[in-house]
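*Asks:* The structure's right below; bear with me while I get my questions together.
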Amino acid sequence: MMNFHVLTLFPEMIAGGMHTSITGRAMDKGLITLETVNIRDFAEEHRKGRVDDYSYGGGAGMIMQAEPVYRSWKSVADRIGHPVRTVFLTPQGRVFNQRMAHELADGEDLIFLCGHYEGVDERVLEEIVTDPVSIGDYVLTGGELPAMVMMDAISRLVPGVLSNSDSAVTESFEDGLLEYPQYTRPDIWHHKQVPPILTSGDHARVDRWRRDRSLERTFRMRPELLEKVQLSPQDRKALSEIRVQEN
Ligand code: ADE
């Protein structure tokens, strides 16, 4: 069970994305819940729904004001009633990965604060944010897509969300390696045959073949990941053969 609470200026963007496909089914089943809170609803009375203002010190771009963000957060935090992790989506945060997804999937409630415009007043961030998170080294127009990326990755770790309980453990990153290539019918397509081992019925050889392809892909695409993986003697042998082929 996981309850997501998203503070945003674009609630319909979050709701639309999350009600689709596997996350949508998980909500129908009650395994995850989604509450979107429109920060604009917490604008200060005299500002007529506006929640941004000019940057002190000058410079282009508007800044989201502290008070509406704080009020929207407090409306959620008070209802939850105990301390809850609050993620702020920002390129200045720790870079999101599968380990963080597991760590965040452990709790019952998560609040996401999505910034927009050029930024959010630092003072409110100091008071409410527990986890500043980036989804990668590029700049987006707002925190909504990153929040959806995180909620998607976290949702599929919530028990019952994936129909085949195996599929969460055999995938890329769960064992520190990239996933092996997969095939389905027909066995010949565009003159390309499925690797014969996969149709041999020899499960031990299939497992070894898949492990070798995982090692090979990781070596070619993401060699830095290999430094953190536990390798068996057979893995080392396979890797040395792959390295030889490379030269
Ligand atoms: N907001 C804008 N760009 C972002 C990124 N890369 N990660 C998280 N939040 C962001």
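Residue names in the structure tokens use chain letters A, B, ... in the order shown, residue numbers from 1 in each chain, and ligand numbers from 1 in the order shown.
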Can you list, as an mmCIF file with N, CA, C and O atoms, in the first residue's frame, every protein, DNA or RNA residue that comes within 7 Å of A:Tyr70 when you count only C-alpha atoms, leaving out same-chain residues fewer than 4 positions away?
*Replies:*
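Done, and the output landed in part24.cif:
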```
data_model
loop_
_atom_site.group_PDB
_atom_site.id
_atom_site.type_symbol
_atom_site.label_atom_id
_atom_site.label_comp_id
_atom_site.auth_asym_id
_atom_site.auth_seq_id
_atom_site.Cartn_x
_atom_site.Cartn_y
_atom_site.Cartn_z
ATOM 1 N N ALA A 66 6.850 31.161 -1.199
ATOM 2 C CA ALA A 66 6.922 30.212 -0.087
ATOM 3 C C ALA A 66 5.538 29.871 0.483
ATOM 4 O O ALA A 66 5.229 28.701 0.728
ATOM 5 N N LYS A 74 1.163 21.774 4.067
ATOM 6 C CA LYS A 74 0.631 21.620 5.426
ATOM 7 C C LYS A 74 -0.754 20.972 5.404
ATOM 8 O O LYS A 74 -1.095 20.172 6.272
ATOM 9 N N VAL A 124 11.017 27.940 2.013
ATOM 10 C CA VAL A 124 10.013 26.893 2.236
ATOM 11 C C VAL A 124 10.627 25.517 1.978
ATOM 12 O O VAL A 124 10.298 24.536 2.646
#
```
*Asks:* Per residue of stretch 79-104 of chain A within 9 Å of stretch 150-161 of chain A, which atom pair is closest and at what distance in Å (one decimal), using only C-alpha atoms, listed by chain and increasing number, as CSV?
*Replies:*
```
residue,atom,partner,partner_atom,distance
A:Phe96,CA,A:Met150,CA,7.9
A:Gln98,CA,A:Ala153,CA,7.7
A:Met100,CA,A:Ile154,CA,8.8
A:Ala101,CA,A:Ile154,CA,5.1
A:His102,CA,A:Ile154,CA,6.8
A:Glu103,CA,A:Ile154,CA,9.0
A:Leu104,CA,A:Ile154,CA,7.0
```
*Asks:* Write to file, as a PDB file, in the first residue's frame, the residues of the selection just made, with C-alpha atoms.
*Replies:*
```pdb
ATOM      1  CA  PHE A  96      17.264   8.819  -8.659  1.00  0.00           C
ATOM      2  CA  GLN A  98      16.529   1.695  -8.342  1.00  0.00           C
ATOM      3  CA  MET A 100      16.209   4.887  -3.971  1.00  0.00           C
ATOM      4  CA  ALA A 101      12.987   3.512  -5.469  1.00  0.00           C
ATOM      5  CA  HIS A 102      13.175   0.571  -3.043  1.00  0.00           C
ATOM      6  CA  GLU A 103      13.958   2.853  -0.125  1.00  0.00           C
ATOM      7  CA  LEU A 104      10.985   5.128  -0.867  1.00  0.00           C
TER       8      LEU A 104
END
```
*Asks:* Measuring atom to atom with only C-alpha atoms and all ligand atoms, identify which of A:His116, A:Arg85, A:Arg47, A:His5 is nearest to ligand 1.
*Replies:*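 So, comparing all the options, the nearest one is A:His116.
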*Asks:* Taking only C-alpha atoms and all ligand atoms and a cut-off of 12 Å, can you tell me which residues surround ligand 1, written as a PyMOL selection string?
*Replies:* chain A and resi 87-97+112-120+131-150
*Asks:* For a quick check of understanding, using only C-alpha atoms, which of A:Ala105, A:Ile188, A:Ile14, A:Leu177 has the smallest distance to A:Asp235?
*Replies:*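 Looking only at the distances to A:Asp235, the closest residue turns out to be A:Leu177.
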*Asks:* Which of stretch 40-247 of chain A counts as strand (DSSP E or B) under DSSP, as a ChimeraX atom specification please?
*Replies:* /A:52-54,62-64,86-95,109-113,119-120,131-134,188-189,192-193
*Asks:* Nearest to A:Gly24 among A:Asp52, A:Glu67, A:Val37, A:Leu162, with distances taken over only C-alpha atoms: which residue is it?
*Replies:* A:Leu162
*Asks:* Per DSSP on the backbone, filter stretch 73-206 of chain A down to the residues in helix (DSSP H, G or I) and report them as a CSV table (one decimal) with all heavy atoms, in the first residue's frame.
*Replies:*
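The file below, out06.csv, is the result:
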```csv
chain,number,residue,atom,x,y,z
A,73,TRP,N,1.4,22.1,1.3
A,73,TRP,CA,2.1,21.0,2.0
A,73,TRP,C,1.4,20.7,3.3
A,73,TRP,O,1.2,19.6,3.7
A,73,TRP,CB,3.6,21.4,2.1
A,73,TRP,CG,4.3,20.3,2.9
A,73,TRP,CD1,4.8,19.2,2.4
A,73,TRP,CD2,4.6,20.3,4.3
A,73,TRP,NE1,5.5,18.5,3.4
A,73,TRP,CE2,5.4,19.2,4.6
A,73,TRP,CE3,4.4,21.3,5.3
A,73,TRP,CZ2,5.8,18.9,5.8
A,73,TRP,CZ3,4.9,21.0,6.6
A,73,TRP,CH2,5.6,19.8,6.8
A,74,LYS,N,1.2,21.8,4.1
A,74,LYS,CA,0.6,21.6,5.4
A,74,LYS,C,-0.8,21.0,5.4
A,74,LYS,O,-1.1,20.2,6.3
A,74,LYS,CB,0.6,23.0,6.1
A,74,LYS,CG,0.4,22.9,7.6
A,74,LYS,CD,1.1,24.0,8.4
A,74,LYS,CE,1.0,23.9,9.9
A,74,LYS,NZ,0.1,23.0,10.5
A,75,SER,N,-1.5,21.3,4.4
A,75,SER,CA,-2.9,20.7,4.3
A,75,SER,C,-2.8,19.2,4.2
A,75,SER,O,-3.6,18.5,4.7
A,75,SER,CB,-3.6,21.3,3.1
A,75,SER,OG,-3.2,20.7,1.9
A,76,VAL,N,-1.7,18.7,3.5
A,76,VAL,CA,-1.5,17.3,3.4
A,76,VAL,C,-0.9,16.7,4.6
A,76,VAL,O,-1.3,15.7,5.2
A,76,VAL,CB,-0.7,17.0,2.1
A,76,VAL,CG1,-0.3,15.5,2.1
A,76,VAL,CG2,-1.4,17.4,0.9
A,77,ALA,N,0.2,17.4,5.1
A,77,ALA,CA,1.0,16.8,6.2
A,77,ALA,C,0.1,16.7,7.5
A,77,ALA,O,0.2,15.8,8.2
A,77,ALA,CB,2.2,17.7,6.5
A,78,ASP,N,-0.7,17.7,7.7
A,78,ASP,CA,-1.6,17.7,8.9
A,78,ASP,C,-2.5,16.5,8.9
A,78,ASP,O,-2.8,15.9,9.9
A,78,ASP,CB,-2.4,19.0,9.0
A,78,ASP,CG,-1.5,20.2,9.6
A,78,ASP,OD1,-0.4,19.9,10.0
A,78,ASP,OD2,-2.0,21.3,9.6
A,79,ARG,N,-3.1,16.3,7.7
A,79,ARG,CA,-4.0,15.1,7.6
A,79,ARG,C,-3.3,13.8,7.8
A,79,ARG,O,-3.9,12.9,8.4
A,79,ARG,CB,-4.6,15.2,6.2
A,79,ARG,CG,-6.1,15.0,6.2
A,79,ARG,CD,-6.8,15.0,4.8
A,79,ARG,NE,-6.2,16.0,3.9
A,79,ARG,CZ,-5.5,15.7,2.8
A,79,ARG,NH1,-5.3,14.5,2.5
A,79,ARG,NH2,-5.1,16.7,2.0
A,80,ILE,N,-2.1,13.7,7.3
A,80,ILE,CA,-1.3,12.4,7.5
A,80,ILE,C,-1.0,12.2,9.0
A,80,ILE,O,-1.1,11.1,9.5
A,80,ILE,CB,0.0,12.4,6.6
A,80,ILE,CG1,-0.4,12.4,5.1
A,80,ILE,CG2,0.8,11.2,7.0
A,80,ILE,CD1,0.8,12.5,4.2
A,98,GLN,N,17.4,2.8,-8.8
A,98,GLN,CA,16.5,1.7,-8.3
A,98,GLN,C,16.6,1.5,-6.8
A,98,GLN,O,15.6,1.2,-6.2
A,98,GLN,CB,16.9,0.4,-9.1
A,98,GLN,CG,15.9,-0.7,-8.9
A,98,GLN,CD,14.6,-0.5,-9.6
A,98,GLN,OE1,14.4,0.4,-10.4
A,98,GLN,NE2,13.6,-1.2,-9.2
A,99,ARG,N,17.8,1.7,-6.3
A,99,ARG,CA,18.0,1.6,-4.8
A,99,ARG,C,17.1,2.6,-4.1
A,99,ARG,O,16.4,2.3,-3.1
A,99,ARG,CB,19.5,1.8,-4.4
A,99,ARG,CG,19.8,1.5,-3.0
A,99,ARG,CD,21.3,1.5,-2.7
A,99,ARG,NE,22.1,2.5,-3.5
A,99,ARG,CZ,22.1,3.8,-3.4
A,99,ARG,NH1,21.4,4.3,-2.4
A,99,ARG,NH2,22.8,4.5,-4.1
A,100,MET,N,17.1,3.9,-4.6
A,100,MET,CA,16.2,4.9,-4.0
A,100,MET,C,14.7,4.5,-4.1
A,100,MET,O,13.9,4.8,-3.2
A,100,MET,CB,16.5,6.3,-4.6
A,100,MET,CG,17.8,6.8,-4.2
A,100,MET,SD,18.4,8.2,-5.3
A,100,MET,CE,17.3,9.5,-4.8
A,101,ALA,N,14.4,3.9,-5.3
A,101,ALA,CA,13.0,3.5,-5.5
A,101,ALA,C,12.6,2.5,-4.4
A,101,ALA,O,11.5,2.6,-3.8
A,101,ALA,CB,12.8,2.9,-6.9
A,102,HIS,N,13.5,1.5,-4.1
A,102,HIS,CA,13.2,0.6,-3.0
A,102,HIS,C,13.0,1.3,-1.7
A,102,HIS,O,12.1,0.9,-0.9
A,102,HIS,CB,14.3,-0.5,-3.0
A,102,HIS,CG,14.1,-1.6,-4.0
A,102,HIS,ND1,13.3,-2.6,-3.8
A,102,HIS,CD2,14.8,-1.8,-5.2
A,102,HIS,CE1,13.4,-3.4,-4.8
A,102,HIS,NE2,14.2,-3.0,-5.7
A,103,GLU,N,14.0,2.2,-1.4
A,103,GLU,CA,14.0,2.9,-0.1
A,103,GLU,C,12.7,3.6,0.1
A,103,GLU,O,12.0,3.6,1.1
A,103,GLU,CB,15.2,3.8,-0.1
A,103,GLU,CG,15.6,4.4,1.2
A,103,GLU,CD,16.7,5.4,1.0
A,103,GLU,OE1,17.7,5.0,0.3
A,103,GLU,OE2,16.5,6.5,1.4
A,104,LEU,N,12.2,4.3,-1.0
A,104,LEU,CA,11.0,5.1,-0.9
A,104,LEU,C,9.7,4.3,-0.9
A,104,LEU,O,8.7,4.6,-0.3
A,104,LEU,CB,10.9,6.2,-2.0
A,104,LEU,CG,12.0,7.2,-1.9
A,104,LEU,CD1,12.1,8.1,-3.2
A,104,LEU,CD2,11.8,8.2,-0.7
A,105,ALA,N,9.8,3.1,-1.5
A,105,ALA,CA,8.6,2.2,-1.6
A,105,ALA,C,8.3,1.6,-0.2
A,105,ALA,O,7.3,1.0,0.0
A,105,ALA,CB,8.9,1.1,-2.6
A,122,GLU,N,13.6,29.4,-1.5
A,122,GLU,CA,14.5,28.5,-0.7
A,122,GLU,C,14.0,28.3,0.7
A,122,GLU,O,14.1,27.2,1.3
A,122,GLU,CB,15.9,29.0,-0.7
A,122,GLU,CG,17.0,28.1,-0.2
A,122,GLU,CD,17.2,26.9,-1.1
A,122,GLU,OE1,16.9,26.9,-2.3
A,122,GLU,OE2,17.7,25.9,-0.6
A,123,ARG,N,13.4,29.3,1.3
A,123,ARG,CA,13.0,29.2,2.7
A,123,ARG,C,12.0,28.1,3.0
A,123,ARG,O,12.0,27.4,4.0
A,123,ARG,CB,12.5,30.6,3.2
A,123,ARG,CG,13.6,31.6,3.2
A,123,ARG,CD,13.0,33.0,3.4
A,123,ARG,NE,12.2,33.4,2.3
A,123,ARG,CZ,11.7,34.6,2.1
A,123,ARG,NH1,11.9,35.5,3.1
A,123,ARG,NH2,10.9,34.9,1.1
A,124,VAL,N,11.0,27.9,2.0
A,124,VAL,CA,10.0,26.9,2.2
A,124,VAL,C,10.6,25.5,2.0
A,124,VAL,O,10.3,24.5,2.6
A,124,VAL,CB,8.7,27.1,1.4
A,124,VAL,CG1,9.0,27.0,-0.1
A,124,VAL,CG2,7.6,26.2,1.9
A,125,LEU,N,11.6,25.5,1.0
A,125,LEU,CA,12.2,24.2,0.8
A,125,LEU,C,13.0,23.7,2.0
A,125,LEU,O,12.9,22.5,2.4
A,125,LEU,CB,13.2,24.3,-0.4
A,125,LEU,CG,12.6,24.7,-1.7
A,125,LEU,CD1,13.7,24.8,-2.8
A,125,LEU,CD2,11.5,23.7,-2.2
A,126,GLU,N,13.6,24.7,2.7
A,126,GLU,CA,14.4,24.3,4.0
A,126,GLU,C,13.4,23.8,5.0
A,126,GLU,O,13.8,22.9,5.8
A,126,GLU,CB,15.0,25.6,4.5
A,126,GLU,CG,16.2,26.1,3.8
A,126,GLU,CD,16.7,27.5,4.2
A,126,GLU,OE1,16.2,28.0,5.2
A,126,GLU,OE2,17.6,28.0,3.4
A,127,GLU,N,12.2,24.2,5.0
A,127,GLU,CA,11.2,23.8,6.1
A,127,GLU,C,10.5,22.5,5.8
A,127,GLU,O,10.2,21.7,6.7
A,127,GLU,CB,10.2,24.8,6.4
A,127,GLU,CG,10.8,26.0,7.0
A,127,GLU,CD,9.8,26.9,7.8
A,127,GLU,OE1,8.7,26.4,8.1
A,127,GLU,OE2,10.2,28.0,8.2
A,128,ILE,N,10.3,22.1,4.5
A,128,ILE,CA,9.4,21.0,4.2
A,128,ILE,C,10.1,19.8,3.5
A,128,ILE,O,9.7,18.7,3.6
A,128,ILE,CB,8.2,21.4,3.4
A,128,ILE,CG1,8.5,21.8,2.0
A,128,ILE,CG2,7.4,22.5,4.2
A,128,ILE,CD1,7.2,22.0,1.2
A,144,GLU,N,6.7,17.8,-12.7
A,144,GLU,CA,5.6,16.9,-12.9
A,144,GLU,C,6.1,15.6,-13.5
A,144,GLU,O,5.8,14.5,-13.0
A,144,GLU,CB,4.5,17.5,-13.7
A,144,GLU,CG,3.6,18.4,-12.9
A,144,GLU,CD,4.2,19.8,-12.7
A,144,GLU,OE1,5.3,20.1,-13.4
A,144,GLU,OE2,3.8,20.6,-11.8
A,145,LEU,N,6.8,15.6,-14.6
A,145,LEU,CA,7.3,14.4,-15.3
A,145,LEU,C,8.2,13.6,-14.4
A,145,LEU,O,8.1,12.4,-14.2
A,145,LEU,CB,7.9,14.7,-16.6
A,145,LEU,CG,6.9,15.0,-17.8
A,145,LEU,CD1,7.7,15.5,-19.0
A,145,LEU,CD2,6.1,13.8,-18.1
A,146,PRO,N,9.2,14.3,-13.7
A,146,PRO,CA,10.0,13.6,-12.8
A,146,PRO,C,9.3,12.9,-11.6
A,146,PRO,O,9.5,11.8,-11.3
A,146,PRO,CB,11.0,14.7,-12.2
A,146,PRO,CG,11.1,15.7,-13.3
A,146,PRO,CD,9.7,15.7,-14.0
A,147,ALA,N,8.2,13.6,-11.1
A,147,ALA,CA,7.4,13.0,-10.0
A,147,ALA,C,6.7,11.7,-10.6
A,147,ALA,O,6.7,10.7,-9.9
A,147,ALA,CB,6.4,14.0,-9.5
A,148,MET,N,6.2,11.8,-11.8
A,148,MET,CA,5.6,10.6,-12.4
A,148,MET,C,6.6,9.5,-12.7
A,148,MET,O,6.2,8.3,-12.5
A,148,MET,CB,4.9,11.0,-13.7
A,148,MET,CG,3.6,11.8,-13.4
A,148,MET,SD,3.1,12.8,-14.8
A,148,MET,CE,2.4,11.6,-15.9
A,149,VAL,N,7.8,9.9,-13.1
A,149,VAL,CA,8.8,8.8,-13.3
A,149,VAL,C,9.1,8.1,-11.9
A,149,VAL,O,9.1,6.9,-11.9
A,149,VAL,CB,10.1,9.5,-13.8
A,149,VAL,CG1,11.3,8.5,-13.6
A,149,VAL,CG2,9.9,9.9,-15.2
A,150,MET,N,9.2,8.9,-10.9
A,150,MET,CA,9.5,8.3,-9.6
A,150,MET,C,8.3,7.4,-9.1
A,150,MET,O,8.5,6.3,-8.6
A,150,MET,CB,9.8,9.4,-8.5
A,150,MET,CG,11.1,10.0,-8.7
A,150,MET,SD,11.5,11.2,-7.4
A,150,MET,CE,11.7,10.1,-6.0
A,151,MET,N,7.1,8.0,-9.2
A,151,MET,CA,5.9,7.2,-8.8
A,151,MET,C,5.7,5.9,-9.5
A,151,MET,O,5.4,4.9,-9.0
A,151,MET,CB,4.7,8.1,-8.9
A,151,MET,CG,4.6,9.2,-7.8
A,151,MET,SD,3.0,10.0,-7.7
A,151,MET,CE,3.1,11.0,-9.2
A,152,ASP,N,6.1,5.9,-10.8
A,152,ASP,CA,6.0,4.7,-11.7
A,152,ASP,C,7.0,3.7,-11.2
A,152,ASP,O,6.6,2.5,-10.9
A,152,ASP,CB,6.2,5.1,-13.1
A,152,ASP,CG,5.9,3.9,-14.1
A,152,ASP,OD1,6.7,3.0,-14.0
A,152,ASP,OD2,5.0,4.0,-14.8
A,153,ALA,N,8.2,4.1,-11.0
A,153,ALA,CA,9.3,3.2,-10.5
A,153,ALA,C,8.9,2.6,-9.1
A,153,ALA,O,9.2,1.5,-8.8
A,153,ALA,CB,10.6,3.9,-10.5
A,154,ILE,N,8.4,3.5,-8.2
A,154,ILE,CA,8.1,3.0,-6.9
A,154,ILE,C,6.9,2.1,-6.9
A,154,ILE,O,6.8,1.1,-6.2
A,154,ILE,CB,7.8,4.3,-6.0
A,154,ILE,CG1,9.1,5.0,-5.8
A,154,ILE,CG2,7.2,3.9,-4.6
A,154,ILE,CD1,9.0,6.5,-5.2
A,155,SER,N,5.8,2.5,-7.7
A,155,SER,CA,4.6,1.7,-7.7
A,155,SER,C,4.9,0.2,-8.0
A,155,SER,O,4.3,-0.7,-7.4
A,155,SER,CB,3.6,2.2,-8.8
A,155,SER,OG,3.2,3.5,-8.4
A,165,SER,N,5.0,-11.9,-9.9
A,165,SER,CA,5.8,-11.4,-8.9
A,165,SER,C,7.3,-11.5,-9.2
A,165,SER,O,8.2,-10.9,-8.7
A,165,SER,CB,5.5,-12.1,-7.6
A,165,SER,OG,5.7,-13.5,-7.8
A,166,ASP,N,7.6,-12.4,-10.2
A,166,ASP,CA,9.0,-12.6,-10.6
A,166,ASP,C,9.5,-11.4,-11.4
A,166,ASP,O,10.7,-11.1,-11.3
A,166,ASP,CB,9.1,-13.8,-11.5
A,166,ASP,CG,9.4,-15.1,-10.8
A,166,ASP,OD1,9.7,-15.0,-9.6
A,166,ASP,OD2,9.3,-16.1,-11.4
A,167,SER,N,8.7,-10.7,-12.1
A,167,SER,CA,9.2,-9.8,-13.1
A,167,SER,C,9.9,-8.6,-12.5
A,167,SER,O,10.7,-7.9,-13.2
A,167,SER,CB,8.1,-9.4,-14.1
A,167,SER,OG,7.0,-8.9,-13.3
A,168,ALA,N,9.7,-8.4,-11.2
A,168,ALA,CA,10.4,-7.3,-10.6
A,168,ALA,C,11.8,-7.6,-10.2
A,168,ALA,O,12.7,-6.7,-10.0
A,168,ALA,CB,9.7,-6.7,-9.3
A,196,PRO,N,19.1,-20.5,-30.8
A,196,PRO,CA,18.6,-21.8,-30.6
A,196,PRO,C,18.6,-22.3,-29.2
A,196,PRO,O,17.7,-23.1,-28.8
A,196,PRO,CB,19.6,-22.7,-31.5
A,196,PRO,CG,20.2,-21.7,-32.5
A,196,PRO,CD,20.2,-20.4,-31.8
A,197,ILE,N,19.5,-21.9,-28.3
A,197,ILE,CA,19.5,-22.3,-26.9
A,197,ILE,C,18.1,-22.1,-26.3
A,197,ILE,O,17.7,-22.9,-25.5
A,197,ILE,CB,20.6,-21.6,-26.1
A,197,ILE,CG1,22.0,-22.1,-26.5
A,197,ILE,CG2,20.4,-21.7,-24.6
A,197,ILE,CD1,23.1,-21.5,-25.9
A,198,LEU,N,17.5,-21.0,-26.7
A,198,LEU,CA,16.2,-20.6,-26.0
A,198,LEU,C,15.1,-21.5,-26.4
A,198,LEU,O,14.1,-21.6,-25.7
A,198,LEU,CB,15.9,-19.1,-26.4
A,198,LEU,CG,16.9,-18.1,-26.0
A,198,LEU,CD1,16.4,-16.7,-26.4
A,198,LEU,CD2,17.1,-18.1,-24.5
A,199,THR,N,15.2,-22.3,-27.5
A,199,THR,CA,14.2,-23.2,-27.8
A,199,THR,C,14.6,-24.7,-27.5
A,199,THR,O,13.9,-25.6,-27.9
A,199,THR,CB,13.8,-23.1,-29.3
A,199,THR,OG1,15.0,-23.2,-30.1
A,199,THR,CG2,13.1,-21.8,-29.6
A,203,HIS,N,17.0,-25.8,-19.4
A,203,HIS,CA,16.9,-24.6,-18.5
A,203,HIS,C,18.2,-24.1,-18.0
A,203,HIS,O,18.4,-22.9,-17.9
A,203,HIS,CB,15.9,-24.8,-17.4
A,203,HIS,CG,14.5,-25.1,-17.9
A,203,HIS,ND1,13.8,-24.2,-18.7
A,203,HIS,CD2,13.7,-26.2,-17.8
A,203,HIS,CE1,12.6,-24.7,-19.0
A,203,HIS,NE2,12.6,-26.0,-18.5
A,204,ALA,N,19.1,-25.0,-17.6
A,204,ALA,CA,20.4,-24.6,-17.1
A,204,ALA,C,21.2,-23.8,-18.1
A,204,ALA,O,21.8,-22.7,-17.9
A,204,ALA,CB,21.2,-25.8,-16.6
A,205,ARG,N,21.1,-24.3,-19.4
A,205,ARG,CA,21.9,-23.6,-20.5
A,205,ARG,C,21.2,-22.3,-20.8
A,205,ARG,O,21.9,-21.3,-21.1
A,205,ARG,CB,22.0,-24.5,-21.7
A,205,ARG,CG,23.0,-25.6,-21.6
A,205,ARG,CD,23.1,-26.4,-22.9
A,205,ARG,NE,23.8,-25.6,-23.9
A,205,ARG,CZ,23.5,-25.7,-25.2
A,205,ARG,NH1,22.6,-26.6,-25.6
A,205,ARG,NH2,24.2,-25.0,-26.1
A,206,VAL,N,19.9,-22.2,-20.7
A,206,VAL,CA,19.1,-21.0,-21.0
A,206,VAL,C,19.6,-19.9,-19.9
A,206,VAL,O,19.9,-18.8,-20.2
A,206,VAL,CB,17.6,-21.2,-20.9
A,206,VAL,CG1,16.9,-19.8,-20.9
A,206,VAL,CG2,17.1,-21.9,-22.2
```
*Asks:* Which residues are near A:Asp207? Cut-off 12 Å, only C-alpha atoms, ignore same chain within fewer than 5 positions. Put them as JSON, numbers by chain.
*Replies:* {"A": [170, 180, 197, 198, 200, 201, 202, 212, 213, 214]}
*Asks:* For atom CA of A:Arg217 and atom CA of A:Pro181, quote the distance in Å rounded to one decimal.
*Replies:*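 Here the two named atoms are 9.0 Å from each other.
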*Asks:* Please measure the separation of atom CA of A:Trp189 and atom CA of A:Glu171, giving the value in Å to one decimal.
*Replies:*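 Here the two named atoms are 24.9 Å from each other.
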*Asks:* Measure the distance from atom CA of A:Ala26 to atom CA of A:Met13 in Å and round it to one decimal.
*Replies:*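 Interatomic distance, atom CA of A:Ala26 to atom CA of A:Met13: 18.1 Å.
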